[in-house]
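Next up, data03.cif (mmCIF, C-alpha atoms):
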data_upload
#
loop_
_atom_site.label_atom_id
_atom_site.label_comp_id
_atom_site.auth_asym_id
_atom_site.auth_seq_id
_atom_site.Cartn_x
_atom_site.Cartn_y
_atom_site.Cartn_z
CA MET A 1 33.78 -23.40 -30.28
CA SER A 2 35.39 -25.75 -27.79
CA HIS A 3 33.38 -28.16 -25.67
CA SER A 4 34.21 -26.06 -22.59
CA ASN A 5 33.06 -22.83 -24.24
CA ARG A 6 29.81 -24.43 -25.36
CA ILE A 7 29.11 -25.47 -21.78
CA HIS A 8 29.82 -21.96 -20.47
CA SER A 9 27.56 -20.45 -23.14
CA ALA A 10 24.76 -22.83 -22.23
CA VAL A 11 25.12 -22.01 -18.54
CA ARG A 12 25.02 -18.26 -19.26
CA ALA A 13 21.87 -18.70 -21.40
CA LEU A 14 20.17 -20.78 -18.72
CA THR A 15 21.07 -18.20 -16.07
CA ALA A 16 19.63 -15.41 -18.19
CA LEU A 17 16.38 -17.31 -18.62
CA CYS A 18 16.15 -17.90 -14.89
CA LEU A 19 16.66 -14.19 -14.21
CA VAL A 20 13.91 -13.28 -16.66
CA PHE A 21 11.55 -15.79 -15.05
CA ALA A 22 12.37 -14.47 -11.58
CA ALA A 23 11.73 -10.91 -12.70
CA LEU A 24 8.35 -11.85 -14.13
CA LEU A 25 7.44 -13.80 -11.02
CA ALA A 26 8.37 -10.85 -8.83
CA LEU A 27 5.76 -8.70 -10.52
CA TYR A 28 2.93 -10.63 -8.92
CA THR A 29 1.73 -10.97 -5.37
CA GLY A 30 -0.63 -13.71 -4.24
CA ASP A 31 -3.72 -11.51 -3.94
CA GLY A 32 -4.27 -10.80 -7.60
CA SER A 33 -2.23 -7.63 -7.34
CA VAL A 34 0.87 -6.51 -9.15
CA SER A 35 3.77 -5.18 -7.13
CA THR A 36 4.45 -1.47 -7.19
CA ALA A 37 7.45 -2.15 -9.44
CA ALA A 38 5.24 -3.55 -12.21
CA PRO A 39 4.25 -1.55 -15.28
CA ALA A 40 0.97 0.15 -14.50
CA ASP A 41 -0.54 0.44 -17.95
CA VAL A 42 -0.07 -2.25 -20.57
CA PRO A 43 -2.45 -3.28 -23.35
CA ALA A 44 -5.35 -5.34 -22.07
CA SER A 45 -4.54 -8.11 -24.52
CA ALA A 46 -1.13 -8.67 -22.93
CA ASP A 47 -2.01 -9.77 -19.44
CA ASN A 48 -4.44 -11.13 -16.89
CA TRP A 49 -6.02 -8.61 -14.58
CA GLY A 50 -3.56 -7.15 -12.09
CA LEU A 51 -3.12 -4.11 -9.85
CA SER A 52 -0.40 -2.01 -8.31
CA PHE A 53 -0.85 0.04 -5.12
CA PRO A 54 1.59 2.97 -5.28
CA THR A 55 -0.07 4.68 -2.30
CA GLU A 56 -2.16 2.91 0.31
CA GLY A 57 -5.61 4.42 0.72
CA GLU A 58 -5.65 5.69 -2.87
CA SER A 59 -6.99 4.08 -6.02
CA PRO A 60 -4.69 1.37 -7.36
CA VAL A 61 -3.45 1.31 -10.93
CA GLY A 62 -4.77 -1.47 -13.14
CA ASN A 63 -2.85 -3.06 -15.98
CA ALA A 64 -5.38 -1.38 -18.26
CA ASP A 65 -6.51 2.14 -17.42
CA PRO A 66 -10.15 3.20 -16.89
CA ALA A 67 -10.31 5.12 -20.20
CA TYR A 68 -9.16 2.07 -22.14
CA LEU A 69 -11.66 -0.23 -20.40
CA ALA A 70 -14.47 2.31 -20.86
CA GLN A 71 -14.38 1.67 -24.62
CA TYR A 72 -15.78 -1.78 -23.86
CA ASN A 73 -18.12 -0.95 -20.98
CA ALA A 74 -15.65 -2.42 -18.50
CA TYR A 75 -14.81 -1.27 -14.96
CA TYR A 76 -12.37 -1.89 -12.16
CA LEU A 77 -13.21 1.30 -10.22
CA GLY A 78 -16.49 2.93 -9.35
CA ASP A 79 -17.16 6.54 -8.38
CA THR A 80 -13.81 7.73 -7.02
CA SER A 81 -15.26 11.10 -6.00
CA LYS A 82 -17.22 9.49 -3.16
CA LYS A 83 -16.40 7.35 -0.14
CA VAL A 84 -18.32 4.43 -1.59
CA ILE A 85 -17.55 0.71 -1.81
CA TYR A 86 -19.04 -1.80 -4.24
CA LEU A 87 -19.06 -5.25 -2.64
CA THR A 88 -18.75 -8.25 -4.98
CA PHE A 89 -18.45 -11.96 -4.27
CA ASP A 90 -17.30 -14.72 -6.61
CA CYS A 91 -19.33 -17.88 -6.03
CA GLY A 92 -17.95 -21.04 -7.58
CA TYR A 93 -19.83 -23.36 -5.23
CA GLU A 94 -21.58 -23.34 -1.88
CA ASN A 95 -19.21 -23.98 1.01
CA GLY A 96 -21.60 -23.29 3.85
CA TYR A 97 -20.83 -19.59 4.33
CA THR A 98 -23.04 -17.69 1.89
CA ALA A 99 -26.08 -17.59 4.19
CA SER A 100 -23.96 -15.96 6.90
CA ILE A 101 -22.62 -13.46 4.36
CA LEU A 102 -26.18 -12.62 3.30
CA ASP A 103 -27.21 -12.19 6.94
CA THR A 104 -24.38 -9.70 7.47
CA LEU A 105 -25.20 -7.76 4.32
CA LYS A 106 -28.81 -7.48 5.48
CA LYS A 107 -27.66 -6.26 8.91
CA HIS A 108 -25.65 -3.47 7.28
CA ASN A 109 -28.22 -2.78 4.56
CA ALA A 110 -25.36 -3.29 2.12
CA PRO A 111 -26.07 -4.27 -1.50
CA ALA A 112 -23.67 -6.69 -3.18
CA ALA A 113 -23.11 -8.49 -6.45
CA PHE A 114 -22.67 -12.26 -6.49
CA PHE A 115 -20.92 -13.62 -9.58
CA VAL A 116 -22.11 -17.21 -9.87
CA VAL A 117 -21.20 -20.19 -12.04
CA GLY A 118 -23.35 -23.10 -13.16
CA ASN A 119 -22.41 -25.34 -10.25
CA MET A 120 -23.55 -22.76 -7.70
CA VAL A 121 -26.95 -22.39 -9.35
CA GLN A 122 -27.40 -26.15 -9.73
CA THR A 123 -26.37 -27.19 -6.22
CA ALA A 124 -27.56 -24.23 -4.11
CA PRO A 125 -30.62 -22.82 -5.90
CA GLU A 126 -32.24 -21.65 -2.67
CA ILE A 127 -29.18 -19.55 -1.82
CA VAL A 128 -29.11 -18.04 -5.32
CA GLN A 129 -32.82 -17.28 -5.09
CA ARG A 130 -32.24 -15.60 -1.72
CA MET A 131 -29.55 -13.37 -3.25
CA ALA A 132 -32.03 -12.05 -5.78
CA ALA A 133 -34.92 -11.85 -3.30
CA GLU A 134 -32.88 -9.66 -0.97
CA GLY A 135 -32.06 -7.21 -3.72
CA HIS A 136 -28.53 -8.24 -4.62
CA ILE A 137 -27.21 -8.44 -8.15
CA VAL A 138 -26.57 -11.94 -9.45
CA GLY A 139 -23.87 -11.66 -12.10
CA ASN A 140 -22.48 -13.92 -14.81
CA HIS A 141 -19.23 -15.73 -13.97
CA THR A 142 -19.78 -18.20 -16.87
CA PHE A 143 -21.27 -21.68 -16.71
CA HIS A 144 -18.07 -23.76 -16.46
CA HIS A 145 -15.53 -21.19 -15.16
CA PRO A 146 -13.06 -21.68 -18.05
CA ASP A 147 -10.17 -19.51 -19.14
CA MET A 148 -12.24 -17.21 -21.33
CA SER A 149 -9.14 -15.61 -22.84
CA SER A 150 -8.50 -18.90 -24.66
CA ILE A 151 -11.90 -18.70 -26.40
CA SER A 152 -11.67 -16.77 -29.65
CA GLU A 153 -14.96 -17.65 -31.33
CA GLN A 154 -17.87 -15.39 -30.48
CA SER A 155 -20.31 -18.32 -30.50
CA ALA A 156 -18.29 -20.29 -27.94
CA PHE A 157 -17.78 -17.22 -25.76
CA GLN A 158 -21.49 -16.44 -25.91
CA LYS A 159 -22.48 -20.02 -25.06
CA GLU A 160 -20.68 -19.86 -21.70
CA LEU A 161 -22.70 -16.78 -20.77
CA ASP A 162 -25.97 -17.86 -22.36
CA ASP A 163 -25.96 -21.31 -20.75
CA LEU A 164 -25.65 -19.75 -17.30
CA SER A 165 -28.35 -17.20 -18.10
CA ALA A 166 -30.71 -19.97 -19.21
CA LEU A 167 -30.05 -22.03 -16.07
CA TYR A 168 -30.62 -19.00 -13.86
CA ARG A 169 -33.88 -18.24 -15.67
CA GLU A 170 -35.07 -21.84 -15.23
CA THR A 171 -34.11 -21.81 -11.55
CA THR A 172 -35.42 -18.42 -10.46
CA GLY A 173 -37.87 -17.31 -13.15
CA GLN A 174 -35.83 -14.12 -13.45
CA GLU A 175 -33.31 -12.77 -15.91
CA LEU A 176 -29.64 -12.81 -14.98
CA SER A 177 -28.06 -9.37 -14.75
CA LYS A 178 -25.81 -8.06 -17.50
CA PHE A 179 -22.70 -7.87 -15.33
CA TYR A 180 -19.89 -10.25 -16.27
CA ARG A 181 -16.67 -11.16 -14.45
CA PRO A 182 -13.99 -13.15 -16.28
CA PRO A 183 -12.98 -16.27 -14.32
CA GLN A 184 -9.61 -15.77 -12.61
CA GLY A 185 -9.40 -12.33 -14.23
CA LYS A 186 -8.18 -13.94 -17.46
CA TYR A 187 -9.19 -11.87 -20.45
CA ASN A 188 -8.01 -10.19 -23.62
CA GLU A 189 -9.18 -7.32 -25.76
CA GLU A 190 -11.33 -9.59 -27.91
CA ASN A 191 -13.14 -10.81 -24.78
CA LEU A 192 -13.94 -7.23 -23.81
CA LYS A 193 -15.40 -6.65 -27.27
CA GLN A 194 -17.36 -9.92 -27.15
CA ALA A 195 -18.91 -9.19 -23.76
CA ASN A 196 -19.77 -5.64 -24.77
CA SER A 197 -21.43 -6.82 -27.98
CA LEU A 198 -23.67 -9.07 -25.86
CA GLY A 199 -24.74 -6.13 -23.70
CA TYR A 200 -22.59 -6.99 -20.68
CA LYS A 201 -20.59 -4.72 -18.44
CA THR A 202 -17.29 -6.43 -17.58
CA VAL A 203 -16.43 -5.94 -13.90
CA PHE A 204 -12.91 -6.47 -12.61
CA TRP A 205 -11.87 -5.30 -9.13
CA SER A 206 -9.66 -2.79 -7.35
CA LEU A 207 -9.18 -4.69 -4.08
CA ALA A 208 -8.82 -8.41 -3.35
CA TYR A 209 -6.67 -10.75 -1.29
CA VAL A 210 -5.84 -14.46 -1.16
CA ASP A 211 -9.03 -15.85 0.35
CA TRP A 212 -9.85 -18.75 -1.99
CA TYR A 213 -7.74 -21.61 -0.60
CA VAL A 214 -10.33 -23.29 1.60
CA ASP A 215 -7.74 -25.48 3.34
CA ASP A 216 -5.35 -22.59 3.96
CA GLN A 217 -7.48 -19.69 5.08
CA PRO A 218 -5.88 -16.42 6.16
CA THR A 219 -6.16 -15.37 9.77
CA HIS A 220 -8.40 -12.46 10.63
CA ASP A 221 -5.38 -10.21 11.11
CA GLN A 222 -3.95 -11.23 7.74
CA ALA A 223 -7.25 -10.38 6.07
CA TYR A 224 -7.49 -7.00 7.80
CA SER A 225 -3.89 -6.18 6.86
CA LYS A 226 -4.89 -6.36 3.18
CA LEU A 227 -8.45 -5.06 3.27
CA LEU A 228 -8.20 -2.06 5.61
CA PRO A 229 -5.15 -0.03 4.51
CA ARG A 230 -5.84 -0.55 0.80
CA ILE A 231 -9.49 0.47 0.81
CA HIS A 232 -10.13 3.56 -1.33
CA ASP A 233 -12.91 5.70 -2.73
CA GLY A 234 -14.89 3.90 -5.43
CA ALA A 235 -13.40 0.51 -4.57
CA ILE A 236 -14.81 -2.57 -6.27
CA VAL A 237 -13.98 -5.23 -3.69
CA LEU A 238 -13.68 -8.90 -4.65
CA LEU A 239 -14.24 -11.51 -1.95
CA HIS A 240 -14.96 -15.23 -2.31
CA SER A 241 -18.10 -16.62 -0.71
CA THR A 242 -16.31 -19.94 -0.11
CA SER A 243 -14.02 -18.30 2.47
CA ARG A 244 -14.57 -19.10 6.14
CA THR A 245 -12.49 -16.07 7.08
CA ASN A 246 -14.66 -13.75 5.00
CA ALA A 247 -17.82 -15.03 6.67
CA GLU A 248 -16.26 -14.63 10.13
CA ILE A 249 -14.89 -11.11 9.67
CA LEU A 250 -17.50 -9.57 7.36
CA ASP A 251 -19.64 -7.96 10.06
CA ASP A 252 -16.62 -6.40 11.76
CA LEU A 253 -15.02 -5.51 8.40
CA LEU A 254 -18.09 -3.62 7.20
CA THR A 255 -18.32 -1.90 10.58
CA LYS A 256 -14.68 -0.81 10.32
CA TRP A 257 -15.20 0.52 6.78
CA GLU A 258 -18.31 2.37 7.92
CA GLY A 259 -16.25 3.84 10.75
CA MET A 260 -13.85 5.15 8.09
CA GLY A 261 -16.76 7.00 6.49
CA TYR A 262 -17.61 4.57 3.70
CA THR A 263 -21.04 3.58 2.44
CA PHE A 264 -21.98 0.67 0.17
CA ALA A 265 -23.44 0.91 -3.29
CA SER A 266 -24.79 -1.46 -5.93
CA LEU A 267 -23.05 -2.03 -9.25
CA ASN A 268 -26.22 -0.57 -10.72
CA GLU A 269 -24.94 2.74 -9.35
CA LEU A 270 -21.62 2.63 -11.19
CA PRO A 271 -20.99 5.93 -12.99
CA ALA A 272 -21.80 6.04 -16.69
CA LEU A 273 -18.80 5.52 -18.95
#
Any chance you could put this one into structure tokens?
Amino acid sequence: MSHSNRIHSAVRALTALCLVFAALLALYTGDGSVSTAAPADVPASADNWGLSFPTEGESPVGNADPAYLAQYNAYYLGDTSKKVIYLTFDCGYENGYTASILDTLKKHNAPAAFFVVGNMVQTAPEIVQRMAAEGHIVGNHTFHHPDMSSISEQSAFQKELDDLSALYRETTGQELSKFYRPPQGKYNEENLKQANSLGYKTVFWSLAYVDWYVDDQPTHDQAYSKLLPRIHDGAIVLLHSTSRTNAEILDDLLTKWEGMGYTFASLNELPAL
């Protein structure tokens, strides 16, 4: 092959790789969702958690279907036969907004689940104790918030959950709930098996948006544009307690959802699998 032909072949190969990368990148939106063009049902071991929304106002499609997840006591949807919402918050650290969120939940008599990590329990024990005292679920988001899909050994996987459980017990005198959320939605089939063998229900989500960049918070209108049209029966909603926007809009958001006929339920009320 001539020098010129080798160059052209290399350019064609590089272009093909770029097109593949662009296609993969196009599958994902910034809110933890998958675009409607993405495959809806792929093996759980092949991907991080993602969603597609073929029809606004209806249940999204996860990259693993409910029947597949049910084998491992895992959920991303609740009771889709009722206009019910399951509120969940991921709590990596205290950013000054959780008390306001708790105040709003109390105002609406809305139960929630707070998935905490070790740092949250260590640095804001009074807030964590308040969560439990006011009847909310405190769930396991691991001690260090690692990529759990990279952990293959059962003992190492279990240690991340057990260390948080022990810290929570020392801090509150209570037992941590048996609800687990994989950090960043990163998981594989082995993780689902591991969590199930430890008695945990793995809880993903069916609605979220980009709320976690504390220095680049969405406007109220941007938040509403994601959270209102995509709400659906049996939604498991993921919000971050570190978000200023979430704290500011939560009262009005819950009021709007109530106006749409929704009520709020605890993860303890998830339908049996």
Per residue of region 170-235 of chain A within 12 Å of region 87-92 of chain A, which atom pair is closest and at what distance in Å (one decimal), using only C-alpha atoms, listed by chain and increasing number, as a tab-separated table?
residue	atom	partner	partner_atom	distance
A:Phe179	CA	A:Thr88	CA	11.1
A:Tyr180	CA	A:Asp90	CA	11.0
A:Arg181	CA	A:Asp90	CA	8.6
A:Pro182	CA	A:Asp90	CA	10.3
A:Pro183	CA	A:Asp90	CA	9.0
A:Gln184	CA	A:Asp90	CA	9.8
A:Gly185	CA	A:Asp90	CA	11.2
A:Val203	CA	A:Thr88	CA	9.5
A:Phe204	CA	A:Thr88	CA	9.8
A:Trp205	CA	A:Thr88	CA	8.6
A:Ser206	CA	A:Leu87	CA	10.8
A:Leu207	CA	A:Leu87	CA	10.0
A:Ala208	CA	A:Thr88	CA	10.1
A:Asp211	CA	A:Asp90	CA	10.9
A:Trp212	CA	A:Asp90	CA	9.6
A:Ile231	CA	A:Leu87	CA	11.7
A:Gly234	CA	A:Leu87	CA	10.4
A:Ala235	CA	A:Leu87	CA	8.3
Just say which residues the PyMOL selection byres ((chain A and resi 200) around 9) picks in this file, as a list in words.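 On the file shown, the PyMOL selection byres ((chain A and resi 200) around 9) covers Asn73, Ala74, Ser177, Lys178, Phe179, Tyr180, Gln194, Ala195, Asn196, Ser197, Leu198, Gly199, Lys201 and Thr202 of chain A.
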My list of candidates is A:Thr219, A:Val128, A:His144, A:Ser150. Which is closest to Gly173 (chain A) when distances are computed with only C-alpha atoms?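 Smallest distance to Gly173 (chain A) is found for A:Val128.
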What would the selection look like, as an NGL selection string, if the PyMOL selection byres ((chain A and resi 61) around 8) were run on the coordinates I just shared? :A and (40-41 or 51-54 or 59-60 or 62-63 or 65)
The PyMOL selection byres ((chain A and resi 261) around 12) on the file shown: which residues, as JSON, numbers by chain? {"A": [82, 83, 84, 85, 231, 232, 233, 254, 255, 256, 257, 258, 259, 260, 262, 263, 264]}
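Atom pair CA of Pro66 (chain A) / CA of Ser149 (chain A): separated by 19.8 Å.
For the residues A:Tyr97, A:Phe114, A:Tyr86, A:Tyr224, ranking by smallest atom-to-atom distance to Asn268 (chain A) using all atoms listed in the file places A:Tyr86 first.
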Surrounding residues of Asp252 (chain A) excluding itself and chain neighbours under 3 positions, 12 Å, all atoms listed in the file, as a list in words: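 The residues that qualify are Ile101, Thr104, Leu105, Lys107, His108, His220, Asp221, Ala223, Tyr224, Leu227, Leu228, Thr245, Asn246, Ala247, Glu248, Ile249, Thr255, Lys256, Trp257, Glu258 and Gly259 of chain A.
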Could you work out how far CA of Val116 (chain A) lies from CA of Leu161 (chain A), giving the answer in Å with one decimal?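 Atom-to-atom, CA of Leu161 (chain A) and CA of Val116 (chain A) are spaced 10.9 Å apart.
Using all atoms listed in the file, the smallest distance between any of A:Glu58, A:Gly50, A:Lys193, A:Lys186 and Gln158 (chain A) comes from A:Lys193.
Ranking A:Asn48, A:Glu170, A:Ala113, A:Gln122 by their shortest atom-to-atom distance to Val237 (chain A), with all atoms listed in the file included, puts A:Ala113 first.
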Could you tell me how far CA of Trp49 (chain A) sits from CA of Asp162 (chain A), in Å to one decimal place?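 CA of Asp162 (chain A) sits 23.3 Å away from CA of Trp49 (chain A).
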So which one's closest to Leu164 (chain A), A:Ile137, A:Ala265, A:Ile151, A:Val121? Using all atoms listed in the file, please. A:Val121
With 8 Å on each side, where is the centre of the axis-aligned box around all listed atoms of region 95-102 of chain A, and how long are its edges in Å to one decimal, as lines of an AutoDock Vina configuration file?
center_x = -22.7
center_y = -18.3
center_z = 4.0
size_x = 23.0
size_y = 27.4
size_z = 21.9
Using only C-alpha atoms, find the one residue out of A:Leu77, A:Ala70, A:Ala99, A:Ala133 that sits nearest to Glu269 (chain A).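 Smallest separation from Glu269 (chain A) among the options: A:Leu77.
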